[in-house]
Amino acid sequence: MAEEETARKPFARLLDRVGRPAHRCAVVHPVDALSLSGALEAQRLGLIDPILIGNRNKIMAAAEVAALDVSGLELVDVPHSHAAADEAVRLAAEGNASIIMKGHIATGELMAACVRREGGLRTQRRMSHVFVMETPAWSKWILISDGAINIAPDLPTKRWITQNAIDLAIALGIDTPLTAILSATELVDPAILSTIDAAALCKMADRGQIRGGILDGPLAFDLAMSPEAVLAKGLYSPVAGAADILIVPGIEAGNMLAKQLDYLAGAEAAGIVLGAKVPIVLTSRADSPAERAASAALAAAYLVWQNRPE
């Protein structure tokens with residue numbers, strides 16, 4: 001019975017392991033019922049202390065529609081979504097917010113404010129998005145990157161995409177994440193650039209330019225995930241058939257892979273952007289409040305790991 005109950009709760013294992021207390025979170029333009037509900041669900045679970053940033057009248061109207069009580073929450077009244085994004089970035093850059101959470105605002109609009117050089121959130125790393133998928137078809141979490149931010153990443157960008165994903169996996173308790181660099185084949189083929197990048201990333205890991213995980217690639221998806229495919233093709237690899245992380249060649253592949261798991265395999269999806277001064281909870285407009293809370297839990301877990309005593 002306990003196992004059945006857990007199975008009905010998305011990311012229950014993640015929520016159980018995340019440290020408290022809550023982190024101050026700038027919620028950008030939560031002017032619809034779904035994004036506001038997600039923020040309050042994350043607050044209810046003790047993950048965040050939300051700062052609602054947006055047009056006060058629209059936030060209050062959304063709260064009324066969803067029958068939510070926001071009277072005790074900090075609310076920063078700004079005229080529109082652009083101003084909300086700028087204010088969230090300012091709060092985070094000044095150390096007054098530890099997490100940024102997307103509300104009812106376009107991803108491009110929010111990220112434009114986050115990557116602006118004068119905004120103060122940029123670091124030496126490239127920002128990248130990591131999906132964390134929980135599906136009945138697989139016994140452990142699957143991390144997919146990057147399916148939301150970097151459109152056609154070059155090799156230096158893929159290095160940071162890979163490192164960010166490994167760091168998040170470690171923060172989630174995966175001690176040495178098995179990281180598959182995906183392509184259409186396991187062979188290095190000069191005609192397929194992603195296979196060249198995959199081979200280079202593996203060598204970069206050998207040289208200590210990527211740390212914390214075990215890499216292999218190029219690997220086709222079946223070889224990354226299926227022990228039967230590995231056996232049939234006679235491939236030896238410490239990663240093949242057991243990958244924790246899937247590094248995709250471009251945004252189309254990552255976005256389609258995550259959504260196929262979501263819509264066709266019954267997966268639940270959470271996701272954040274790493275590489276900025278603070279983690280950014282970047283949810284889809286279709287995400288449920290539970291998935292939005294799970295994304296906040298990813299950010300909280302990452303902050304606990306990042307701030308651990310050395």
# chains A, B, ... in the order shown; residues from 1 in each chain; ligands from 1
call {"tool": "select_by_dssp", "arguments": {"residues": "range 63-194 of chain A", "states": "alpha helix (DSSP H)", "output": "JSON, numbers by chain"}}
result
{"A": [63, 64, 65, 81, 82, 83, 84, 85, 86, 87, 88, 89, 90, 91, 92, 93, 107, 108, 109, 110, 111, 112, 113, 114, 115, 155, 156, 157, 158, 159, 160, 161, 162, 163, 164, 165, 166, 167, 168, 169, 170, 171, 193, 194]}
call {"tool": "closest_atom_pairs", "arguments": {"of": "range 217-274 of chain A", "to": "range 112-127 of chain A", "cutoff": "12 Å", "atoms": "only C-alpha atoms", "output": "CSV"}}
result
residue,atom,partner,partner_atom,distance
A:Ile272,CA,A:Met127,CA,10.2
A:Val273,CA,A:Met127,CA,6.5
A:Leu274,CA,A:Met127,CA,5.5
call {"tool": "closest_residue", "arguments": {"among": "A:Ala97, A:Arg308, A:Arg17, A:Leu298", "to": "Leu282 in chain A", "atoms": "only C-alpha atoms"}}
result
A:Leu298
call {"tool": "atom_distance", "arguments": {"atom1": "CA of Ala12 in chain A", "atom2": "CA of Val248 in chain A"}}
result
26.7 Å
call {"tool": "closest_residue", "arguments": {"among": "A:Leu215, A:Ala232, A:Ala199, A:Ala270", "to": "Glu186 in chain A", "atoms": "only C-alpha atoms"}}
result
A:Ala199
call {"tool": "closest_residue", "arguments": {"among": "A:Ala33, A:Val89, A:Leu182, A:Ala171", "to": "Val65 in chain A", "atoms": "only C-alpha atoms"}}
result
A:Ala33
call {"tool": "select_by_dssp", "arguments": {"residues": "range 71-232 of chain A", "states": "strand (DSSP E)", "output": "MDAnalysis selection string"}}
result
chainID A and resid 74:77 99:102 128:134 142:145 178:182 214:219
call {"tool": "write_last_selection", "arguments": {"atoms": "N, CA and C atoms", "output": "PDB file, in the first residue's frame"}}
result
ATOM      1  N   GLU A  74       4.824  38.151   0.360  1.00  0.00           N
ATOM      2  CA  GLU A  74       5.466  39.369  -0.142  1.00  0.00           C
ATOM      3  C   GLU A  74       5.097  39.536  -1.612  1.00  0.00           C
ATOM      4  N   LEU A  75       4.664  40.744  -1.976  1.00  0.00           N
ATOM      5  CA  LEU A  75       4.226  41.004  -3.347  1.00  0.00           C
ATOM      6  C   LEU A  75       4.866  42.303  -3.827  1.00  0.00           C
ATOM      7  N   VAL A  76       5.559  42.214  -4.950  1.00  0.00           N
ATOM      8  CA  VAL A  76       6.179  43.393  -5.561  1.00  0.00           C
ATOM      9  C   VAL A  76       5.340  43.771  -6.772  1.00  0.00           C
ATOM     10  N   ASP A  77       4.722  44.937  -6.705  1.00  0.00           N
ATOM     11  CA  ASP A  77       3.805  45.381  -7.757  1.00  0.00           C
ATOM     12  C   ASP A  77       4.588  46.060  -8.880  1.00  0.00           C
ATOM     13  N   ILE A  99      16.379  31.702  -5.699  1.00  0.00           N
ATOM     14  CA  ILE A  99      15.790  30.979  -6.826  1.00  0.00           C
ATOM     15  C   ILE A  99      14.938  31.964  -7.617  1.00  0.00           C
ATOM     16  N   ILE A 100      14.918  31.813  -8.933  1.00  0.00           N
ATOM     17  CA  ILE A 100      13.957  32.504  -9.781  1.00  0.00           C
ATOM     18  C   ILE A 100      13.010  31.451 -10.338  1.00  0.00           C
ATOM     19  N   MET A 101      11.710  31.738 -10.295  1.00  0.00           N
ATOM     20  CA  MET A 101      10.706  30.803 -10.823  1.00  0.00           C
ATOM     21  C   MET A 101       9.878  31.497 -11.890  1.00  0.00           C
ATOM     22  N   LYS A 102       9.755  30.844 -13.028  1.00  0.00           N
ATOM     23  CA  LYS A 102       8.938  31.368 -14.114  1.00  0.00           C
ATOM     24  C   LYS A 102       7.463  31.274 -13.764  1.00  0.00           C
ATOM     25  N   SER A 128      22.211  26.415 -18.988  1.00  0.00           N
ATOM     26  CA  SER A 128      21.589  25.306 -19.709  1.00  0.00           C
ATOM     27  C   SER A 128      20.450  24.736 -18.880  1.00  0.00           C
ATOM     28  N   HIS A 129      19.519  24.119 -19.578  1.00  0.00           N
ATOM     29  CA  HIS A 129      18.338  23.559 -18.934  1.00  0.00           C
ATOM     30  C   HIS A 129      18.502  22.053 -18.777  1.00  0.00           C
ATOM     31  N   VAL A 130      18.010  21.528 -17.667  1.00  0.00           N
ATOM     32  CA  VAL A 130      18.019  20.087 -17.422  1.00  0.00           C
ATOM     33  C   VAL A 130      16.603  19.636 -17.094  1.00  0.00           C
ATOM     34  N   PHE A 131      16.059  18.736 -17.925  1.00  0.00           N
ATOM     35  CA  PHE A 131      14.829  18.035 -17.569  1.00  0.00           C
ATOM     36  C   PHE A 131      15.188  16.877 -16.652  1.00  0.00           C
ATOM     37  N   VAL A 132      14.378  16.660 -15.627  1.00  0.00           N
ATOM     38  CA  VAL A 132      14.458  15.441 -14.826  1.00  0.00           C
ATOM     39  C   VAL A 132      13.131  14.727 -15.000  1.00  0.00           C
ATOM     40  N   MET A 133      13.213  13.517 -15.552  1.00  0.00           N
ATOM     41  CA  MET A 133      12.013  12.758 -15.886  1.00  0.00           C
ATOM     42  C   MET A 133      11.864  11.583 -14.934  1.00  0.00           C
ATOM     43  N   GLU A 134      10.646  11.379 -14.472  1.00  0.00           N
ATOM     44  CA  GLU A 134      10.311  10.222 -13.637  1.00  0.00           C
ATOM     45  C   GLU A 134       9.213   9.457 -14.374  1.00  0.00           C
ATOM     46  N   ILE A 142      15.697  10.078 -15.143  1.00  0.00           N
ATOM     47  CA  ILE A 142      16.432  10.327 -16.380  1.00  0.00           C
ATOM     48  C   ILE A 142      16.620  11.829 -16.505  1.00  0.00           C
ATOM     49  N   LEU A 143      17.862  12.280 -16.607  1.00  0.00           N
ATOM     50  CA  LEU A 143      18.160  13.689 -16.818  1.00  0.00           C
ATOM     51  C   LEU A 143      18.452  13.915 -18.287  1.00  0.00           C
ATOM     52  N   ILE A 144      17.806  14.918 -18.893  1.00  0.00           N
ATOM     53  CA  ILE A 144      17.952  15.215 -20.313  1.00  0.00           C
ATOM     54  C   ILE A 144      18.365  16.670 -20.464  1.00  0.00           C
ATOM     55  N   SER A 145      19.444  16.902 -21.249  1.00  0.00           N
ATOM     56  CA  SER A 145      19.921  18.271 -21.428  1.00  0.00           C
ATOM     57  C   SER A 145      20.613  18.401 -22.782  1.00  0.00           C
ATOM     58  N   LEU A 178      26.158   8.291 -14.717  1.00  0.00           N
ATOM     59  CA  LEU A 178      26.498   7.697 -16.003  1.00  0.00           C
ATOM     60  C   LEU A 178      25.889   8.566 -17.103  1.00  0.00           C
ATOM     61  N   THR A 179      26.750   9.127 -17.929  1.00  0.00           N
ATOM     62  CA  THR A 179      26.347  10.191 -18.847  1.00  0.00           C
ATOM     63  C   THR A 179      26.543   9.756 -20.284  1.00  0.00           C
ATOM     64  N   ALA A 180      25.444   9.645 -21.015  1.00  0.00           N
ATOM     65  CA  ALA A 180      25.478   9.232 -22.415  1.00  0.00           C
ATOM     66  C   ALA A 180      25.392  10.458 -23.311  1.00  0.00           C
ATOM     67  N   ILE A 181      26.354  10.589 -24.225  1.00  0.00           N
ATOM     68  CA  ILE A 181      26.325  11.668 -25.210  1.00  0.00           C
ATOM     69  C   ILE A 181      25.646  11.106 -26.456  1.00  0.00           C
ATOM     70  N   LEU A 182      24.428  11.556 -26.724  1.00  0.00           N
ATOM     71  CA  LEU A 182      23.600  10.925 -27.741  1.00  0.00           C
ATOM     72  C   LEU A 182      23.910  11.409 -29.152  1.00  0.00           C
ATOM     73  N   ILE A 214      30.798   9.698 -15.318  1.00  0.00           N
ATOM     74  CA  ILE A 214      31.430   8.812 -16.290  1.00  0.00           C
ATOM     75  C   ILE A 214      30.731   9.041 -17.621  1.00  0.00           C
ATOM     76  N   LEU A 215      31.489   9.409 -18.649  1.00  0.00           N
ATOM     77  CA  LEU A 215      30.929   9.727 -19.946  1.00  0.00           C
ATOM     78  C   LEU A 215      31.206   8.623 -20.958  1.00  0.00           C
ATOM     79  N   ASP A 216      30.275   8.454 -21.886  1.00  0.00           N
ATOM     80  CA  ASP A 216      30.535   7.661 -23.075  1.00  0.00           C
ATOM     81  C   ASP A 216      29.677   8.200 -24.215  1.00  0.00           C
ATOM     82  N   GLY A 217      30.245   8.156 -25.399  1.00  0.00           N
ATOM     83  CA  GLY A 217      29.541   8.591 -26.581  1.00  0.00           C
ATOM     84  C   GLY A 217      30.490   8.649 -27.765  1.00  0.00           C
ATOM     85  N   PRO A 218      29.928   8.665 -28.946  1.00  0.00           N
ATOM     86  CA  PRO A 218      28.489   8.753 -29.200  1.00  0.00           C
ATOM     87  C   PRO A 218      27.768   7.442 -28.893  1.00  0.00           C
ATOM     88  N   LEU A 219      26.516   7.600 -28.469  1.00  0.00           N
ATOM     89  CA  LEU A 219      25.637   6.458 -28.250  1.00  0.00           C
ATOM     90  C   LEU A 219      24.262   6.786 -28.836  1.00  0.00           C
TER      91      LEU A 219
END
call {"tool": "atom_distance", "arguments": {"atom1": "CA of Pro238 in chain A", "atom2": "CA of Leu155 in chain A"}}
result
22.8 Å
call {"tool": "residues_around", "arguments": {"residues": "Pro227 in chain A", "least_positions_apart": "4", "cutoff": "9 Å", "atoms": "only C-alpha atoms", "output": "ChimeraX atom specification"}}
result
/A:222-223,231-232,240-242
call {"tool": "write_last_selection", "arguments": {"atoms": "N, CA and C atoms", "output": "compact mmCIF listing (two decimals), in the first residue's frame"}}
result
# COMPACT_ATOMS: atom_id res chain seq x y z
N ASP A 222 18.96 3.77 -28.06
CA ASP A 222 18.75 2.39 -27.61
C ASP A 222 19.94 1.87 -26.84
N LEU A 223 21.14 2.22 -27.27
CA LEU A 223 22.34 1.76 -26.57
C LEU A 223 22.52 2.47 -25.23
N LEU A 231 23.71 -5.77 -25.48
CA LEU A 231 24.10 -7.17 -25.65
C LEU A 231 24.02 -7.60 -27.11
N ALA A 232 22.96 -7.19 -27.78
CA ALA A 232 22.76 -7.58 -29.18
C ALA A 232 23.85 -7.01 -30.08
N ALA A 240 26.51 2.48 -21.30
CA ALA A 240 25.46 1.94 -22.17
C ALA A 240 24.52 1.01 -21.42
N GLY A 241 23.23 1.21 -21.66
CA GLY A 241 22.21 0.40 -21.03
C GLY A 241 21.84 0.82 -19.63
N ALA A 242 22.48 1.85 -19.09
CA ALA A 242 22.24 2.23 -17.68
C ALA A 242 22.39 3.73 -17.46
call {"tool": "closest_residue", "arguments": {"among": "A:His80, A:His23, A:Arg285, A:Lys158", "to": "Ile251 in chain A", "atoms": "only C-alpha atoms"}}
result
A:Lys158
call {"tool": "closest_residue", "arguments": {"among": "A:Glu109, A:Asp154, A:Asp197, A:Glu268", "to": "His82 in chain A", "atoms": "only C-alpha atoms"}}
result
A:Glu109
call {"tool": "residues_around", "arguments": {"residues": "Val70 in chain A", "least_positions_apart": "4", "cutoff": "12 Å", "atoms": "only C-alpha atoms", "output": "number ranges by chain"}}
result
A: 30, 33, 36-37, 39-41, 43, 50-52, 56, 59-64, 66, 74-75
call {"tool": "write_last_selection", "arguments": {"atoms": "all heavy atoms", "output": "compact mmCIF listing (two decimals), in the first residue's frame"}}
result
# COMPACT_ATOMS: atom_id res chain seq x y z
N PRO A 30 3.33 35.80 -11.81
CA PRO A 30 2.37 34.72 -11.57
C PRO A 30 0.93 35.23 -11.63
O PRO A 30 0.22 35.26 -10.62
CB PRO A 30 2.74 34.25 -10.16
CG PRO A 30 3.20 35.51 -9.49
CD PRO A 30 3.87 36.34 -10.55
N ALA A 33 -3.84 31.27 -12.71
CA ALA A 33 -4.11 30.35 -11.61
C ALA A 33 -3.07 29.24 -11.52
O ALA A 33 -2.68 28.84 -10.42
CB ALA A 33 -5.51 29.76 -11.76
N LEU A 36 0.44 30.49 -10.18
CA LEU A 36 0.29 30.89 -8.78
C LEU A 36 0.08 29.65 -7.90
O LEU A 36 0.67 29.55 -6.81
CB LEU A 36 -0.90 31.84 -8.65
CG LEU A 36 -1.02 32.63 -7.35
CD1 LEU A 36 0.23 33.46 -7.09
CD2 LEU A 36 -2.25 33.53 -7.40
N SER A 37 -0.70 28.69 -8.38
CA SER A 37 -0.91 27.45 -7.61
C SER A 37 0.39 26.69 -7.44
O SER A 37 0.65 26.12 -6.37
CB SER A 37 -1.93 26.56 -8.33
OG SER A 37 -3.19 27.18 -8.40
N ALA A 39 3.46 27.91 -7.32
CA ALA A 39 4.30 28.59 -6.33
C ALA A 39 3.81 28.31 -4.92
O ALA A 39 4.61 28.06 -4.00
CB ALA A 39 4.31 30.09 -6.61
N LEU A 40 2.49 28.34 -4.72
CA LEU A 40 1.96 28.10 -3.38
C LEU A 40 2.10 26.64 -2.96
O LEU A 40 2.26 26.34 -1.77
CB LEU A 40 0.50 28.56 -3.30
CG LEU A 40 0.36 30.00 -2.78
CD1 LEU A 40 0.95 31.00 -3.75
CD2 LEU A 40 -1.11 30.34 -2.50
N GLU A 41 2.05 25.72 -3.93
CA GLU A 41 2.28 24.31 -3.60
C GLU A 41 3.73 24.11 -3.15
O GLU A 41 3.99 23.38 -2.18
CB GLU A 41 1.97 23.43 -4.82
CG GLU A 41 2.28 21.95 -4.63
CD GLU A 41 1.43 21.26 -3.58
OE1 GLU A 41 0.48 21.89 -3.04
OE2 GLU A 41 1.71 20.09 -3.27
N GLN A 43 5.53 26.36 -1.74
CA GLN A 43 5.60 26.95 -0.40
C GLN A 43 5.02 25.99 0.64
O GLN A 43 5.60 25.81 1.72
CB GLN A 43 4.83 28.27 -0.36
CG GLN A 43 4.89 28.95 1.00
CD GLN A 43 3.79 29.97 1.21
OE1 GLN A 43 2.68 29.80 0.70
NE2 GLN A 43 4.09 31.02 1.96
N PRO A 50 7.98 32.38 -1.28
CA PRO A 50 7.79 33.10 -2.54
C PRO A 50 7.68 34.61 -2.39
O PRO A 50 7.08 35.12 -1.45
CB PRO A 50 6.48 32.51 -3.07
CG PRO A 50 5.76 32.00 -1.86
CD PRO A 50 6.82 31.60 -0.87
N ILE A 51 8.30 35.28 -3.36
CA ILE A 51 8.12 36.72 -3.56
C ILE A 51 7.38 36.86 -4.88
O ILE A 51 7.93 36.56 -5.95
CB ILE A 51 9.46 37.46 -3.64
CG1 ILE A 51 10.37 37.11 -2.46
CG2 ILE A 51 9.25 38.96 -3.74
CD1 ILE A 51 11.83 37.46 -2.68
N LEU A 52 6.13 37.26 -4.84
CA LEU A 52 5.33 37.38 -6.05
C LEU A 52 5.62 38.71 -6.73
O LEU A 52 5.43 39.77 -6.13
CB LEU A 52 3.84 37.27 -5.71
CG LEU A 52 3.42 36.05 -4.89
CD1 LEU A 52 1.91 36.07 -4.64
CD2 LEU A 52 3.84 34.75 -5.56
N ARG A 56 -0.20 43.74 -9.39
CA ARG A 56 -0.95 43.34 -8.19
C ARG A 56 -2.39 42.95 -8.53
O ARG A 56 -2.89 41.93 -8.05
CB ARG A 56 -0.95 44.48 -7.16
CG ARG A 56 -1.77 44.17 -5.90
CD ARG A 56 -1.79 45.35 -4.95
NE ARG A 56 -0.48 45.61 -4.41
CZ ARG A 56 0.03 45.01 -3.32
NH1 ARG A 56 -0.70 44.10 -2.68
NH2 ARG A 56 1.22 45.31 -2.89
N ILE A 59 -2.50 39.54 -10.19
CA ILE A 59 -2.17 38.46 -9.24
C ILE A 59 -3.36 38.19 -8.33
O ILE A 59 -3.74 37.03 -8.09
CB ILE A 59 -0.92 38.82 -8.42
CG1 ILE A 59 0.32 38.82 -9.32
CG2 ILE A 59 -0.74 37.84 -7.26
CD1 ILE A 59 1.58 39.31 -8.63
N MET A 60 -3.98 39.25 -7.83
CA MET A 60 -5.11 39.06 -6.93
C MET A 60 -6.30 38.44 -7.66
O MET A 60 -7.03 37.62 -7.09
CB MET A 60 -5.51 40.40 -6.30
CG MET A 60 -4.41 41.04 -5.45
SD MET A 60 -3.71 39.93 -4.19
CE MET A 60 -5.13 39.71 -3.12
N ALA A 61 -6.48 38.80 -8.93
CA ALA A 61 -7.56 38.20 -9.71
C ALA A 61 -7.31 36.72 -9.93
O ALA A 61 -8.23 35.89 -9.83
CB ALA A 61 -7.69 38.93 -11.05
N ALA A 62 -6.06 36.35 -10.21
CA ALA A 62 -5.72 34.93 -10.38
C ALA A 62 -5.92 34.16 -9.08
O ALA A 62 -6.40 33.02 -9.08
CB ALA A 62 -4.27 34.79 -10.85
N ALA A 63 -5.56 34.78 -7.96
CA ALA A 63 -5.75 34.14 -6.66
C ALA A 63 -7.24 33.91 -6.39
O ALA A 63 -7.63 32.86 -5.86
CB ALA A 63 -5.12 34.99 -5.57
N GLU A 64 -8.06 34.86 -6.77
CA GLU A 64 -9.51 34.71 -6.56
C GLU A 64 -10.07 33.57 -7.41
O GLU A 64 -10.86 32.75 -6.93
CB GLU A 64 -10.21 36.02 -6.90
CG GLU A 64 -11.70 35.99 -6.62
CD GLU A 64 -12.36 37.33 -6.86
OE1 GLU A 64 -11.66 38.32 -7.16
OE2 GLU A 64 -13.61 37.40 -6.75
N ALA A 66 -8.50 30.94 -8.46
CA ALA A 66 -8.02 29.65 -7.96
C ALA A 66 -8.34 29.42 -6.48
O ALA A 66 -7.94 28.39 -5.93
CB ALA A 66 -6.51 29.56 -8.17
N GLU A 74 4.82 38.15 0.36
CA GLU A 74 5.47 39.37 -0.14
C GLU A 74 5.10 39.54 -1.61
O GLU A 74 5.20 38.60 -2.41
CB GLU A 74 6.98 39.26 0.02
CG GLU A 74 7.74 40.51 -0.37
CD GLU A 74 9.23 40.38 -0.10
OE1 GLU A 74 9.64 39.43 0.59
OE2 GLU A 74 9.99 41.26 -0.60
N LEU A 75 4.66 40.74 -1.98
CA LEU A 75 4.23 41.00 -3.35
C LEU A 75 4.87 42.30 -3.83
O LEU A 75 4.74 43.34 -3.18
CB LEU A 75 2.71 41.08 -3.42
CG LEU A 75 2.05 41.02 -4.80
CD1 LEU A 75 0.60 40.54 -4.69
CD2 LEU A 75 2.08 42.37 -5.52
call {"tool": "residues_around", "arguments": {"residues": "Leu47 in chain A", "least_positions_apart": "6", "cutoff": "12 Å", "atoms": "only C-alpha atoms", "output": "ChimeraX atom specification"}}
result
/A:14-25,38-41,98-99,292-304
call {"tool": "atom_distance", "arguments": {"atom1": "CA of Ser237 in chain A", "atom2": "CA of Trp141 in chain A"}}
result
19.9 Å
call {"tool": "decode", "arguments": {"residues": "range 257-276 of chain A", "atoms": "N, CA, C and O atoms", "output": "compact mmCIF listing (two decimals), in the first residue's frame"}}
result
# COMPACT_ATOMS: atom_id res chain seq x y z
N LEU A 257 12.35 14.53 -27.07
CA LEU A 257 12.56 13.35 -26.24
C LEU A 257 11.83 13.50 -24.90
O LEU A 257 11.12 12.58 -24.45
N ALA A 258 11.98 14.65 -24.25
CA ALA A 258 11.33 14.87 -22.96
C ALA A 258 9.81 14.83 -23.10
O ALA A 258 9.11 14.21 -22.28
N LYS A 259 9.28 15.45 -24.14
CA LYS A 259 7.83 15.50 -24.29
C LYS A 259 7.25 14.16 -24.72
O LYS A 259 6.12 13.82 -24.37
N GLN A 260 8.02 13.38 -25.47
CA GLN A 260 7.56 12.02 -25.80
C GLN A 260 7.45 11.17 -24.54
O GLN A 260 6.47 10.43 -24.36
N LEU A 261 8.43 11.29 -23.66
CA LEU A 261 8.35 10.55 -22.40
C LEU A 261 7.15 11.03 -21.58
O LEU A 261 6.45 10.23 -20.94
N ASP A 262 6.91 12.33 -21.59
CA ASP A 262 5.82 12.92 -20.83
C ASP A 262 4.47 12.45 -21.35
O ASP A 262 3.63 11.95 -20.59
N TYR A 263 4.26 12.54 -22.66
CA TYR A 263 2.94 12.30 -23.21
C TYR A 263 2.68 10.86 -23.63
O TYR A 263 1.53 10.43 -23.70
N LEU A 264 3.73 10.10 -23.93
CA LEU A 264 3.54 8.74 -24.41
C LEU A 264 3.96 7.67 -23.41
O LEU A 264 3.54 6.51 -23.54
N ALA A 265 4.80 8.02 -22.45
CA ALA A 265 5.29 7.02 -21.49
C ALA A 265 4.84 7.31 -20.06
O ALA A 265 5.34 6.70 -19.12
N GLY A 266 3.92 8.27 -19.89
CA GLY A 266 3.39 8.55 -18.56
C GLY A 266 4.38 9.18 -17.61
O GLY A 266 4.23 9.08 -16.39
N ALA A 267 5.38 9.86 -18.15
CA ALA A 267 6.41 10.46 -17.30
C ALA A 267 5.92 11.74 -16.66
O ALA A 267 5.03 12.43 -17.17
N GLU A 268 6.51 12.07 -15.53
CA GLU A 268 6.38 13.38 -14.91
C GLU A 268 7.68 14.13 -15.17
O GLU A 268 8.76 13.53 -15.15
N ALA A 269 7.57 15.43 -15.42
CA ALA A 269 8.74 16.21 -15.79
C ALA A 269 8.94 17.37 -14.84
O ALA A 269 8.00 18.06 -14.46
N ALA A 270 10.19 17.55 -14.43
CA ALA A 270 10.61 18.74 -13.70
C ALA A 270 11.83 19.29 -14.43
O ALA A 270 12.46 18.58 -15.21
N GLY A 271 12.16 20.55 -14.18
CA GLY A 271 13.31 21.09 -14.88
C GLY A 271 13.76 22.43 -14.35
O GLY A 271 12.95 23.21 -13.85
N ILE A 272 15.07 22.65 -14.44
CA ILE A 272 15.63 23.95 -14.03
C ILE A 272 16.76 24.34 -14.97
O ILE A 272 17.31 23.51 -15.69
N VAL A 273 17.08 25.62 -14.92
CA VAL A 273 18.24 26.16 -15.63
C VAL A 273 19.35 26.36 -14.62
O VAL A 273 19.15 26.96 -13.55
N LEU A 274 20.54 25.85 -14.96
CA LEU A 274 21.73 26.03 -14.14
C LEU A 274 22.78 26.81 -14.94
O LEU A 274 22.68 26.96 -16.15
N GLY A 275 23.80 27.27 -14.24
CA GLY A 275 24.86 28.03 -14.87
C GLY A 275 24.77 29.51 -14.59
O GLY A 275 25.72 30.26 -14.87
N ALA A 276 23.64 29.97 -14.02
CA ALA A 276 23.50 31.35 -13.59
C ALA A 276 23.89 31.46 -12.12
O ALA A 276 24.21 30.46 -11.46
